[in-house]
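*Asks:* Got a file for you: entry-v6.pdb, PDB, C-alpha atoms.
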ATOM      1  CA  MET X  16     104.070-104.270-126.183
ATOM      2  CA  GLY X  17     100.724-103.872-124.431
ATOM      3  CA  LYS X  18      97.804-101.560-124.911
ATOM      4  CA  ALA X  19      99.012 -99.316-122.098
ATOM      5  CA  ARG X  20     101.458 -97.659-124.509
ATOM      6  CA  PHE X  21      98.485 -96.135-126.347
ATOM      7  CA  VAL X  22      96.969 -94.431-123.289
ATOM      8  CA  PHE X  23      98.964 -91.193-123.189
ATOM      9  CA  PRO X  24      99.109 -90.709-127.000
ATOM     10  CA  PHE X  25      95.339 -91.311-127.154
ATOM     11  CA  LEU X  26      94.643 -88.736-124.425
ATOM     12  CA  PHE X  27      97.018 -86.301-126.124
ATOM     13  CA  SER X  28      95.273 -86.828-129.465
ATOM     14  CA  ALA X  29      91.745 -86.529-128.059
ATOM     15  CA  GLY X  30      92.593 -83.395-126.095
ATOM     16  CA  GLY X  31      94.413 -81.799-129.028
ATOM     17  CA  ILE X  32      91.604 -82.488-131.496
ATOM     18  CA  ALA X  33      89.006 -81.135-129.070
ATOM     19  CA  ALA X  34      91.104 -78.008-128.438
ATOM     20  CA  ALA X  35      91.637 -77.423-132.167
ATOM     21  CA  LEU X  36      87.928 -77.748-132.959
ATOM     22  CA  TYR X  37      87.042 -75.425-130.080
ATOM     23  CA  ILE X  38      89.530 -72.796-131.285
ATOM     24  CA  ILE X  39      88.236 -73.013-134.850
ATOM     25  CA  TYR X  40      84.659 -72.784-133.594
ATOM     26  CA  ARG X  41      85.354 -69.684-131.521
ATOM     27  CA  VAL X  42      87.116 -67.999-134.431
ATOM     28  CA  THR X  43      84.582 -68.945-137.099
ATOM     29  CA  THR X  44      81.665 -67.678-135.014
ATOM     30  CA  ILE X  45      82.997 -64.233-135.867
ATOM     31  CA  VAL X  46      81.611 -64.844-139.366
ATOM     32  CA  PRO X  47      78.598 -67.117-138.637
ATOM     33  CA  SER X  48      76.732 -66.330-141.846
ATOM     34  CA  PHE X  49      79.639 -66.875-144.217
ATOM     35  CA  GLU X  50      80.025 -70.175-146.099
ATOM     36  CA  PHE X  51      83.414 -71.197-147.439
ATOM     37  CA  PHE X  52      81.736 -73.708-149.747
ATOM     38  CA  PRO X  53      78.334 -72.456-150.958
ATOM     39  CA  PHE X  54      77.163 -75.990-151.735
ATOM     40  CA  ILE X  55      77.437 -77.007-148.041
ATOM     41  CA  GLU X  56      74.637 -75.721-145.850
ATOM     42  CA  GLY X  57      75.627 -74.085-142.606
ATOM     43  CA  SER X  58      78.307 -71.751-141.297
ATOM     44  CA  LEU X  59      82.033 -71.624-141.944
ATOM     45  CA  PHE X  60      82.562 -73.966-138.977
ATOM     46  CA  THR X  61      80.257 -76.504-140.636
ATOM     47  CA  ASP X  62      82.335 -76.283-143.808
ATOM     48  CA  ILE X  63      85.528 -76.995-141.872
ATOM     49  CA  ILE X  64      83.982 -79.978-140.053
ATOM     50  CA  VAL X  65      82.853 -81.404-143.398
ATOM     51  CA  ILE X  66      86.376 -80.987-144.815
ATOM     52  CA  LEU X  67      87.877 -82.800-141.821
ATOM     53  CA  GLY X  68      85.221 -85.502-142.077
ATOM     54  CA  ILE X  69      86.195 -86.082-145.705
ATOM     55  CA  ALA X  70      89.905 -86.088-144.856
ATOM     56  CA  ILE X  71      89.608 -89.002-142.415
ATOM     57  CA  PRO X  72      88.523 -91.674-144.955
ATOM     58  CA  VAL X  73      90.948 -90.178-147.484
ATOM     59  CA  ILE X  74      93.841 -90.786-145.085
ATOM     60  CA  VAL X  75      92.673 -94.352-144.382
ATOM     61  CA  ILE X  76      92.515 -94.991-148.133
ATOM     62  CA  GLU X  77      95.984 -93.489-148.452
ATOM     63  CA  TYR X  78      97.368 -95.975-145.979
ATOM     64  CA  PHE X  79      95.882 -99.121-147.455
ATOM     65  CA  ILE X  80      96.093 -98.212-151.157
ATOM     66  CA  ILE X  81      98.870 -95.661-151.599
ATOM     67  CA  ALA X  82     101.305 -96.109-148.697
ATOM     68  CA  LEU X  83     102.542 -99.627-149.497
ATOM     69  CA  PRO X  84     103.135 -98.971-153.229
ATOM     70  CA  LEU X  85     104.886 -95.711-152.340
ATOM     71  CA  ALA X  86     107.069 -97.522-149.797
ATOM     72  CA  ALA X  87     108.028-100.016-152.503
ATOM     73  CA  LEU X  88     108.695 -97.143-154.917
ATOM     74  CA  PHE X  89     110.853 -95.367-152.318
ATOM     75  CA  LEU X  90     112.846 -98.566-151.800
ATOM     76  CA  LEU X  91     113.271 -99.105-155.527
ATOM     77  CA  GLY X  92     114.359 -95.497-156.018
ATOM     78  CA  SER X  93     116.890 -95.721-153.192
ATOM     79  CA  ARG X  94     118.301 -98.930-154.647
ATOM     80  CA  MET X  95     118.684 -97.372-158.078
ATOM     81  CA  ILE X  96     120.431 -94.314-156.623
ATOM     82  CA  LYS X  97     122.730 -96.152-154.203
ATOM     83  CA  SER X  98     123.294 -99.530-155.856
ATOM     84  CA  ALA X  99     126.800 -98.622-157.060
ATOM     85  CA  THR X 100     128.188 -98.082-153.548
ATOM     86  CA  TYR X 101     125.687 -99.594-151.096
ATOM     87  CA  ASN X 102     124.296-103.013-150.267
ATOM     88  CA  PHE X 103     120.736-103.482-149.034
ATOM     89  CA  SER X 104     119.690-105.731-146.171
ATOM     90  CA  ILE X 105     116.747-106.529-143.936
ATOM     91  CA  MET X 106     117.861-106.182-140.333
ATOM     92  CA  ASP X 107     116.223-108.062-137.508
ATOM     93  CA  ILE X 108     115.236-105.084-135.346
ATOM     94  CA  GLY X 109     113.477-104.836-131.996
ATOM     95  CA  GLN X 110     109.719-104.491-131.666
ATOM     96  CA  ASP X 111     109.360-102.099-128.722
ATOM     97  CA  PHE X 112     107.552 -98.913-129.726
ATOM     98  CA  GLY X 113     106.098 -96.986-126.819
ATOM     99  CA  GLY X 114     103.886 -93.932-126.551
ATOM    100  CA  TYR X 115     106.821 -91.498-126.548
ATOM    101  CA  ARG X 116     108.011 -92.824-129.909
ATOM    102  CA  MET X 117     104.493 -92.511-131.312
ATOM    103  CA  LEU X 118     104.515 -88.832-130.360
ATOM    104  CA  ARG X 119     107.948 -88.364-131.933
ATOM    105  CA  ARG X 120     106.753 -90.035-135.128
ATOM    106  CA  SER X 121     103.988 -87.440-135.489
ATOM    107  CA  VAL X 122     106.301 -84.413-135.125
ATOM    108  CA  ALA X 123     107.912 -84.359-138.593
ATOM    109  CA  PRO X 124     104.680 -84.641-140.638
ATOM    110  CA  ALA X 125     103.071 -82.004-138.392
ATOM    111  CA  LEU X 126     105.908 -79.546-139.026
ATOM    112  CA  PHE X 127     105.830 -80.397-142.739
ATOM    113  CA  SER X 128     102.086 -79.669-142.871
ATOM    114  CA  ILE X 129     102.445 -76.363-141.053
ATOM    115  CA  SER X 130     105.459 -75.280-143.093
ATOM    116  CA  SER X 131     103.615 -76.041-146.334
ATOM    117  CA  ALA X 132     100.324 -74.492-145.209
ATOM    118  CA  GLY X 133     101.495 -71.132-146.497
ATOM    119  CA  LEU X 134     100.764 -72.405-150.002
ATOM    120  CA  ILE X 135      97.031 -72.148-149.356
ATOM    121  CA  VAL X 136      96.738 -69.872-146.299
ATOM    122  CA  GLY X 137      96.652 -66.818-148.556
ATOM    123  CA  LEU X 138      93.754 -68.337-150.494
ATOM    124  CA  ILE X 139      91.815 -69.118-147.306
ATOM    125  CA  GLU X 140      92.367 -65.653-145.876
ATOM    126  CA  GLY X 141      91.571 -63.992-149.173
ATOM    127  CA  ILE X 142      88.241 -65.764-149.599
ATOM    128  CA  ILE X 143      87.129 -65.156-146.015
ATOM    129  CA  ILE X 144      88.411 -61.631-145.470
ATOM    130  CA  ASP X 145      87.676 -60.298-148.940
ATOM    131  CA  ALA X 146      84.110 -61.473-148.527
ATOM    132  CA  LEU X 147      83.839 -59.475-145.309
ATOM    133  CA  PRO X 148      85.921 -56.313-145.782
ATOM    134  CA  LEU X 149      84.314 -54.543-142.810
ATOM    135  CA  LEU X 150      85.816 -56.884-140.199
ATOM    136  CA  PRO X 151      87.703 -55.005-137.461
ATOM    137  CA  PRO X 152      91.485 -55.566-137.288
ATOM    138  CA  GLU X 153      91.254 -57.780-134.178
ATOM    139  CA  GLN X 154      88.893 -60.202-135.918
ATOM    140  CA  ARG X 155      91.034 -60.212-139.046
ATOM    141  CA  TYR X 156      93.992 -61.049-136.809
ATOM    142  CA  LEU X 157      92.234 -64.052-135.225
ATOM    143  CA  ILE X 158      91.124 -65.338-138.628
ATOM    144  CA  SER X 159      94.683 -64.956-139.892
ATOM    145  CA  LEU X 160      95.986 -67.122-137.032
ATOM    146  CA  SER X 161      93.318 -69.799-137.438
ATOM    147  CA  ALA X 162      93.948 -69.939-141.206
ATOM    148  CA  THR X 163      97.367 -71.450-140.457
ATOM    149  CA  LEU X 164      95.753 -74.354-138.624
ATOM    150  CA  MET X 165      93.109 -74.810-141.329
ATOM    151  CA  GLY X 166      95.769 -74.813-144.035
ATOM    152  CA  ALA X 167      97.923 -77.300-142.118
ATOM    153  CA  LEU X 168      94.991 -79.696-141.726
ATOM    154  CA  ILE X 169      94.280 -79.474-145.459
ATOM    155  CA  ILE X 170      97.947 -80.182-146.296
ATOM    156  CA  MET X 171      98.150 -82.988-143.711
ATOM    157  CA  PRO X 172      96.929 -85.823-146.018
ATOM    158  CA  ILE X 173      99.656 -84.894-148.520
ATOM    159  CA  ALA X 174     102.287 -84.871-145.778
ATOM    160  CA  LEU X 175     101.142 -88.268-144.517
ATOM    161  CA  ALA X 176     101.296 -89.699-148.039
ATOM    162  CA  LEU X 177     105.018 -88.848-147.999
ATOM    163  CA  PHE X 178     105.814 -89.864-144.413
ATOM    164  CA  ILE X 179     103.807 -93.083-143.962
ATOM    165  CA  PRO X 180     106.001 -95.009-146.474
ATOM    166  CA  THR X 181     109.065 -93.994-144.434
ATOM    167  CA  TRP X 182     107.416 -95.404-141.302
ATOM    168  CA  ILE X 183     106.825 -98.705-143.071
ATOM    169  CA  LEU X 184     110.418 -98.886-144.309
ATOM    170  CA  ASN X 185     111.756 -98.111-140.828
ATOM    171  CA  ASP X 186     109.508-100.721-139.206
ATOM    172  CA  ALA X 187     110.648-103.300-141.765
ATOM    173  CA  GLY X 188     114.312-102.726-140.895
ATOM    174  CA  ILE X 189     115.451-102.025-144.465
ATOM    175  CA  VAL X 190     118.995-100.633-144.269
ATOM    176  CA  THR X 191     121.794 -99.668-146.635
ATOM    177  CA  TYR X 192     125.498-100.059-145.893
ATOM    178  CA  LEU X 193     128.685 -99.368-147.816
ATOM    179  CA  LYS X 194     130.065-102.122-149.983
ATOM    180  CA  GLU X 195     133.406-103.555-148.953
ATOM    181  CA  GLY X 196     135.279-101.899-151.815
ATOM    182  CA  GLN X 197     134.095 -98.464-150.665
ATOM    183  CA  LEU X 198     135.933 -98.871-147.351
ATOM    184  CA  ASN X 199     139.238 -98.210-149.103
ATOM    185  CA  VAL X 200     138.123 -94.609-149.572
ATOM    186  CA  ARG X 201     138.758 -92.121-146.752
ATOM    187  CA  GLN X 202     135.199 -92.024-145.427
ATOM    188  CA  CYS X 203     133.397 -93.282-142.371
ATOM    189  CA  PRO X 204     131.440 -96.523-142.658
ATOM    190  CA  ASP X 205     127.862 -95.545-143.403
ATOM    191  CA  THR X 206     124.805 -97.514-142.380
ATOM    192  CA  GLU X 207     121.341 -95.957-142.569
ATOM    193  CA  GLY X 208     117.736 -97.053-142.755
ATOM    194  CA  VAL X 209     116.131 -96.424-146.140
ATOM    195  CA  GLY X 210     113.078 -94.877-144.485
ATOM    196  CA  ARG X 211     115.266 -92.649-142.328
ATOM    197  CA  TRP X 212     117.099 -91.436-145.442
ATOM    198  CA  TYR X 213     113.852 -90.154-146.950
ATOM    199  CA  SER X 214     112.386 -88.858-143.680
ATOM    200  CA  SER X 215     115.615 -86.967-142.953
ATOM    201  CA  MET X 216     115.250 -85.054-146.211
ATOM    202  CA  LEU X 217     111.571 -84.283-145.551
ATOM    203  CA  GLY X 218     112.264 -83.472-141.910
ATOM    204  CA  GLY X 219     115.156 -81.202-142.858
ATOM    205  CA  TYR X 220     112.848 -79.163-145.044
ATOM    206  CA  SER X 221     110.294 -79.001-142.232
ATOM    207  CA  LEU X 222     112.760 -77.821-139.594
ATOM    208  CA  PHE X 223     114.181 -75.192-141.931
ATOM    209  CA  ALA X 224     110.847 -73.914-143.253
ATOM    210  CA  PHE X 225     108.825 -74.006-140.012
ATOM    211  CA  PRO X 226     110.311 -70.931-138.267
ATOM    212  CA  ILE X 227     110.248 -68.953-141.529
ATOM    213  CA  ALA X 228     106.597 -69.866-142.143
ATOM    214  CA  MET X 229     105.567 -69.043-138.576
ATOM    215  CA  VAL X 230     107.320 -65.669-138.469
ATOM    216  CA  SER X 231     105.737 -64.793-141.806
ATOM    217  CA  ALA X 232     102.216 -65.971-140.900
ATOM    218  CA  HIS X 233     101.999 -64.834-137.270
ATOM    219  CA  PHE X 234     104.144 -61.710-137.170
ATOM    220  CA  VAL X 235     104.986 -60.279-140.604
ATOM    221  CA  ARG X 236     101.564 -60.686-142.235
ATOM    222  CA  PRO X 237      99.319 -59.362-139.426
ATOM    223  CA  PHE X 238     101.561 -56.629-138.032
ATOM    224  CA  ILE X 239     103.374 -55.424-141.150
ATOM    225  CA  ILE X 240     101.308 -56.332-144.199
ATOM    226  CA  GLU X 241      97.850 -56.058-142.616
ATOM    227  CA  GLY X 242      98.873 -53.059-140.525
ATOM    228  CA  ILE X 243      97.465 -54.353-137.229
ATOM    229  CA  THR X 244      98.972 -52.440-134.317
ATOM    230  CA  PRO X 245     101.023 -54.858-132.203
ATOM    231  CA  ASN X 246     100.670 -54.870-128.445
ATOM    232  CA  PRO X 247     101.975 -57.210-125.715
ATOM    233  CA  GLN X 248      98.759 -59.259-125.714
ATOM    234  CA  LEU X 249      98.767 -59.867-129.484
ATOM    235  CA  LEU X 250     102.487 -60.627-129.508
ATOM    236  CA  LEU X 251     101.967 -63.148-126.707
ATOM    237  CA  ILE X 252      99.082 -64.773-128.596
ATOM    238  CA  SER X 253     101.200 -65.046-131.757
ATOM    239  CA  SER X 254     104.063 -66.592-129.791
ATOM    240  CA  LEU X 255     101.853 -69.118-128.007
ATOM    241  CA  TRP X 256     100.077 -70.000-131.260
ATOM    242  CA  THR X 257     103.449 -70.595-132.955
ATOM    243  CA  ILE X 258     104.382 -73.040-130.200
ATOM    244  CA  GLY X 259     100.950 -74.629-129.873
ATOM    245  CA  ILE X 260      99.938 -75.245-133.471
ATOM    246  CA  PRO X 261     102.386 -78.169-133.970
ATOM    247  CA  LEU X 262     100.843 -79.876-130.925
ATOM    248  CA  LEU X 263      97.344 -79.486-132.378
ATOM    249  CA  VAL X 264      98.351 -80.898-135.761
ATOM    250  CA  MET X 265     100.223 -83.765-134.052
ATOM    251  CA  ALA X 266      96.930 -84.642-132.327
ATOM    252  CA  PHE X 267      95.288 -85.186-135.732
ATOM    253  CA  ILE X 268      98.236 -87.276-136.980
ATOM    254  CA  LEU X 269      98.412 -89.631-133.996
ATOM    255  CA  PRO X 270      95.334 -91.686-135.049
ATOM    256  CA  VAL X 271      97.206 -92.486-138.271
ATOM    257  CA  VAL X 272     100.164 -93.606-136.159
ATOM    258  CA  PHE X 273      97.763 -95.902-134.269
ATOM    259  CA  LEU X 274      96.513 -97.247-137.600
ATOM    260  CA  ASN X 275     100.072 -97.967-138.662
ATOM    261  CA  GLU X 276     100.681 -99.869-135.432
ATOM    262  CA  ALA X 277      97.550-101.972-135.999
ATOM    263  CA  ALA X 278      98.509-102.827-139.597
ATOM    264  CA  GLN X 279     102.242-102.988-138.975
ATOM    265  CA  ARG X 280     102.665-106.742-139.397
ATOM    266  CA  ARG X 281     100.905-106.746-142.770
ATOM    267  CA  SER X 282     102.757-103.729-144.147
ATOM    268  CA  VAL X 283     106.153-104.891-142.879
ATOM    269  CA  GLY X 284     105.641-108.345-144.359
ATOM    270  CA  PHE X 285     104.795-106.859-147.760
ATOM    271  CA  ILE X 286     107.793-104.527-147.935
ATOM    272  CA  GLN X 287     110.208-107.192-146.677
ATOM    273  CA  ARG X 288     109.055-109.588-149.400
ATOM    274  CA  PHE X 289     109.552-106.815-151.947
ATOM    275  CA  ALA X 290     113.056-106.157-150.569
ATOM    276  CA  ARG X 291     113.940-109.837-150.867
ATOM    277  CA  GLY X 292     112.858-109.635-154.487
ATOM    278  CA  LEU X 293     115.488-106.917-154.888
ATOM    279  CA  ALA X 294     118.124-109.317-153.494
ATOM    280  CA  ALA X 295     118.232-107.813-150.001
ATOM    281  CA  LYS X 296     119.843-110.146-147.461
ATOM    282  CA  GLU X 297     118.578-110.752-143.944
ATOM    283  CA  VAL X 298     120.962-109.973-141.095
ATOM    284  CA  GLU X 299     120.950-110.109-137.314
ATOM    285  CA  LYS X 300     121.337-107.069-135.100
ATOM    286  CA  PRO X 301     125.046-106.380-134.521
ATOM    287  CA  VAL X 302     126.286-106.694-130.959
ATOM    288  CA  ILE X 303     128.720-103.942-129.991
ATOM    289  CA  ALA X 304     130.959-105.130-127.152
ATOM    290  CA  ALA X 305     132.885-102.810-124.867
ATOM    291  CA  LYS X 306     136.644-102.595-125.294
ATOM    292  CA  GLY X 307     138.320-105.474-123.481
ATOM    293  CA  ALA X 308     135.106-107.492-123.246
ATOM    294  CA  LYS X 309     135.432-111.212-123.681
ATOM    295  CA  LYS X 310     134.563-112.331-127.191
ATOM    296  CA  GLU X 311     132.278-115.270-127.809
ATOM    297  CA  PRO X 312     133.799-118.411-129.299
ATOM    298  CA  LYS X 313     133.895-118.305-133.049
ATOM    299  CA  ASP X 314     131.843-121.471-133.436
ATOM    300  CA  GLU X 315     128.926-119.802-131.605
ATOM    301  CA  GLN X 316     128.681-116.976-134.133
ATOM    302  CA  PRO X 317     125.746-117.112-136.576
ATOM    303  CA  ASP X 318     126.411-118.474-140.035
ATOM    304  CA  GLU X 319     125.138-115.284-141.666
ATOM    305  CA  PRO X 320     128.236-113.187-142.505
ATOM    306  CA  ALA X 321     126.340-110.098-143.606
ATOM    307  CA  THR X 322     126.213-108.700-140.067
ATOM    308  CA  GLU X 323     129.920-107.936-140.108
ATOM    309  CA  ASP X 324     129.511-106.249-143.470
ATOM    310  CA  LEU X 325     127.256-103.592-141.951
ATOM    311  CA  ASN X 326     130.330-101.710-140.724
ATOM    312  CA  TYR X 327     128.751-100.412-137.525
TER     313      TYR X 327
END
Please render this file's structure as structure tokens.
*Replies:*
Amino acid sequence: MGKARFVFPFLFSAGGIAAALYIIYRVTTIVPSFEFFPFIEGSLFTDIIVILGIAIPVIVIEYFIIALPLAALFLLGSRMIKSATYNFSIMDIGQDFGGYRMLRRSVAPALFSISSAGLIVGLIEGIIIDALPLLPPEQRYLISLSATLMGALIIMPIALALFIPTWILNDAGIVTYLKEGQLNVRQCPDTEGVGRWYSSMLGGYSLFAFPIAMVSAHFVRPFIIEGITPNPQLLLISSLWTIGIPLLVMAFILPVVFLNEAAQRRSVGFIQRFARGLAAKEVEKPVIAAKGAKKEPKDEQPDEPATEDLNY
């Protein structure tokens, strides 16, 4: 795993962050004299830059202070919930993790942030628009669109606090698999990473809520609630913004993915030691041979029997 794997994600992140800041700047210049936070000198754009500047060290603190304890708490919670029917093990997994996988890792927290942004978008719009009731409908429309991005970036540290522990658990190879007695029941053998179990629940919410949130924020609110007259240009802008906003938020999340890669050995070592304290066994990766393939001699098999218990 060389440094070349970071090139495309880095360019994607830098371009996305620059594009997001440019869009926010162009929109906030509509209200250059308004201050979101009165105690910060400057325009609304200055306020947003200050918020983002504060968010960066907060996310770094999250990773080094909150993420590891939360990963341990997630593991402990999963063990308490599944201990009756599942065993826990530490699987020896591969170490390849290229740029494409880094991009994929940023998708779920980005969608979670956007889907949850509706919790505060109304507050952002209300403060800005109510303070300037004479804005024309077109300017109100642009502010309404940009409020989704602002809200997503504010929610992003919360989303990362939930997703980073799942990354650590996945990187550590912590898996659950059905106990032998459970195989007598008519059910498929079940093996799943502990981190994937949590991220699947969070990702399921994100995939379900994202289209609802986007239709509400970019179509229902401006064209029905606000009464802005739709036209092909505005409908196209709303559609492109719905597709583009996840890419912009992913750009802000990718630096945290880079941070996780840099600290991966330390975090994985910590969570694996914690898993061993919970009696998790270490197993080798199972080898799935094609039907009719020649089996290796029995005496060449590893002494660790837990691999066969994974029921792959």
*Asks:* Evaluated on this file, the PyMOL selection byres ((chain X and resi 174) around 12) picks out some residues - which ones are they, written as a short mmCIF file (atom, residue, chain, number, x, y, z; two decimals) with C-alpha atoms, keeping the file's coordinate frame?
*Replies:*
data_model
loop_
_atom_site.label_atom_id
_atom_site.label_comp_id
_atom_site.auth_asym_id
_atom_site.auth_seq_id
_atom_site.Cartn_x
_atom_site.Cartn_y
_atom_site.Cartn_z
CA ILE X 74 93.84 -90.79 -145.08
CA GLU X 77 95.98 -93.49 -148.45
CA ALA X 82 101.30 -96.11 -148.70
CA SER X 121 103.99 -87.44 -135.49
CA VAL X 122 106.30 -84.41 -135.12
CA ALA X 123 107.91 -84.36 -138.59
CA PRO X 124 104.68 -84.64 -140.64
CA ALA X 125 103.07 -82.00 -138.39
CA LEU X 126 105.91 -79.55 -139.03
CA PHE X 127 105.83 -80.40 -142.74
CA SER X 128 102.09 -79.67 -142.87
CA ILE X 129 102.44 -76.36 -141.05
CA SER X 130 105.46 -75.28 -143.09
CA SER X 131 103.62 -76.04 -146.33
CA ALA X 132 100.32 -74.49 -145.21
CA ALA X 167 97.92 -77.30 -142.12
CA LEU X 168 94.99 -79.70 -141.73
CA ILE X 169 94.28 -79.47 -145.46
CA ILE X 170 97.95 -80.18 -146.30
CA MET X 171 98.15 -82.99 -143.71
CA PRO X 172 96.93 -85.82 -146.02
CA ILE X 173 99.66 -84.89 -148.52
CA LEU X 175 101.14 -88.27 -144.52
CA ALA X 176 101.30 -89.70 -148.04
CA LEU X 177 105.02 -88.85 -148.00
CA PHE X 178 105.81 -89.86 -144.41
CA ILE X 179 103.81 -93.08 -143.96
CA PRO X 180 106.00 -95.01 -146.47
CA THR X 181 109.06 -93.99 -144.43
CA SER X 214 112.39 -88.86 -143.68
CA LEU X 217 111.57 -84.28 -145.55
CA GLY X 218 112.26 -83.47 -141.91
CA SER X 221 110.29 -79.00 -142.23
CA VAL X 264 98.35 -80.90 -135.76
CA MET X 265 100.22 -83.76 -134.05
CA ILE X 268 98.24 -87.28 -136.98
CA VAL X 271 97.21 -92.49 -138.27
#
*Asks:* On this file, the PyMOL selection byres ((chain X and resi 274) around 12) gives some set of residues; write that set as JSON, numbers by chain.
*Replies:* {"X": [21, 71, 74, 75, 76, 77, 78, 79, 117, 179, 182, 183, 268, 269, 270, 271, 272, 273, 275, 276, 277, 278, 279, 280, 281, 282]}
*Asks:* Hey, what comes out of the PyMOL selection byres ((chain X and resi 258) around 12) on this file? Could you write it as a PyMOL selection string?
*Replies:* chain X and resi 126+129+225-226+229-230+233+251-257+259-264
*Asks:* Could you name the residues that touch Arg211 of chain X at 9 Å or less, counting all atoms listed in the file, but leaving out those on the same chain fewer than 2 positions away, as a list of chain:residue names?
*Replies:* X:Thr181, X:Trp182, X:Leu184, X:Asn185, X:Glu207, X:Gly208, X:Val209, X:Tyr213, X:Ser214, X:Ser215, X:Met216
*Asks:* Write out as a compact mmCIF listing (two decimals) with C-alpha atoms, in the coordinates of the input the residues lying within 12 Å of Thr100 of chain X, counting only C-alpha atoms and excluding same-chain residues fewer than 6 positions away.
*Replies:*
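Output contents, as saved in out.txt:
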# COMPACT_ATOMS: atom_id res chain seq x y z
CA SER X 93 116.89 -95.72 -153.19
CA ARG X 94 118.30 -98.93 -154.65
CA THR X 191 121.79 -99.67 -146.64
CA TYR X 192 125.50 -100.06 -145.89
CA LEU X 193 128.68 -99.37 -147.82
CA LYS X 194 130.06 -102.12 -149.98
CA GLU X 195 133.41 -103.56 -148.95
CA GLY X 196 135.28 -101.90 -151.82
CA GLN X 197 134.10 -98.46 -150.66
CA LEU X 198 135.93 -98.87 -147.35
CA ASN X 199 139.24 -98.21 -149.10
CA VAL X 200 138.12 -94.61 -149.57
CA PRO X 204 131.44 -96.52 -142.66
CA ASP X 205 127.86 -95.54 -143.40
CA THR X 206 124.80 -97.51 -142.38
*Asks:* Expressed in Å to a single decimal, how great is the separation between atom CA of Phe60 of chain X and atom CA of Arg41 of chain X?
*Replies:* 9.0 Å
*Asks:* To one decimal in Å, tell me the separation between atom CA of Pro152 of chain X and atom CA of Gly133 of chain X.
*Replies:*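 Atom CA of Pro152 of chain X sits 20.7 Å away from atom CA of Gly133 of chain X.
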*Asks:* To one decimal place in Å, what is the distance between atom CA of Tyr37 of chain X and atom CA of Gln248 of chain X?
*Replies:*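 Between atom CA of Tyr37 of chain X and atom CA of Gln248 of chain X the gap works out to 20.4 Å.
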*Asks:* Have a look at X:Ala33, X:Pro24, X:Thr43, X:Val283 and name the one nearest to Gln154 of chain X; count only C-alpha atoms.
*Replies:*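 Closest to Gln154 of chain X, using only C-alpha atoms: X:Thr43.
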*Asks:* When distances are computed from all atoms listed in the file, which of X:Pro72, X:Ala99, X:Ala232, X:Phe112 shows the smallest separation from Val136 of chain X?
*Replies:*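 The shortest atom-to-atom distance to Val136 of chain X comes from X:Ala232.
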*Asks:* Using only C-alpha atoms for the distances, tell me which of X:Thr61, X:Asn102, X:Thr44, X:Asn246 is nearest to Ile158 of chain X.
*Replies:*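 Of X:Thr61, X:Asn102, X:Thr44, X:Asn246, the one nearest Ile158 of chain X, counting only C-alpha atoms, is X:Thr44.
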*Asks:* Can you work out which one of X:Glu241, X:Tyr115, X:Leu160, X:Met165 has the shortest atom-to-atom distance to Phe25 of chain X, counting all atoms listed in the file?
*Replies:* X:Tyr115
*Asks:* Considering all atoms listed in the file, state which residue in the set X:Phe267, X:Phe23, X:Phe285, X:Tyr101 is at the smallest distance from Ala35 of chain X.
*Replies:*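 The closest residue to Ala35 of chain X is X:Phe267.
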*Asks:* When distances are computed from all atoms listed in the file, which of X:Leu222, X:Leu164, X:Ile80, X:Leu118 shows the smallest separation from Leu36 of chain X?
*Replies:* X:Leu164
*Asks:* If we count only C-alpha atoms, what is near Gly31 of chain X at a cut-off of 6 Å, once residues fewer than 3 positions away on the same chain are taken out, given as a CSV table (one decimal) with C-alpha atoms, in the coordinates of the input?
*Replies:*
chain,number,residue,atom,x,y,z
X,27,PHE,CA,97.0,-86.3,-126.1
X,28,SER,CA,95.3,-86.8,-129.5
X,34,ALA,CA,91.1,-78.0,-128.4
X,263,LEU,CA,97.3,-79.5,-132.4
X,266,ALA,CA,96.9,-84.6,-132.3
*Asks:* Starting from the incomplete input, reconstruct N, CA and C atoms of segment 165-172 of chain X and write that as a CSV table (one decimal), in the frame of the given file.
*Replies:*
chain,number,residue,atom,x,y,z
X,165,MET,N,94.0,-74.3,-140.3
X,165,MET,CA,93.1,-74.8,-141.3
X,165,MET,C,94.0,-75.3,-142.5
X,166,GLY,N,94.9,-74.4,-142.9
X,166,GLY,CA,95.8,-74.8,-144.0
X,166,GLY,C,96.6,-76.0,-143.7
X,167,ALA,N,97.1,-76.1,-142.5
X,167,ALA,CA,97.9,-77.3,-142.1
X,167,ALA,C,97.1,-78.6,-142.2
X,168,LEU,N,95.8,-78.5,-141.7
X,168,LEU,CA,95.0,-79.7,-141.7
X,168,LEU,C,94.6,-80.1,-143.1
X,169,ILE,N,94.6,-79.1,-144.1
X,169,ILE,CA,94.3,-79.5,-145.5
X,169,ILE,C,95.5,-80.1,-146.1
X,170,ILE,N,96.7,-79.6,-145.8
X,170,ILE,CA,97.9,-80.2,-146.3
X,170,ILE,C,98.3,-81.5,-145.7
X,171,MET,N,97.8,-81.8,-144.5
X,171,MET,CA,98.2,-83.0,-143.7
X,171,MET,C,98.0,-84.3,-144.5
X,172,PRO,N,97.0,-84.6,-145.3
X,172,PRO,CA,96.9,-85.8,-146.0
X,172,PRO,C,98.1,-86.0,-147.0
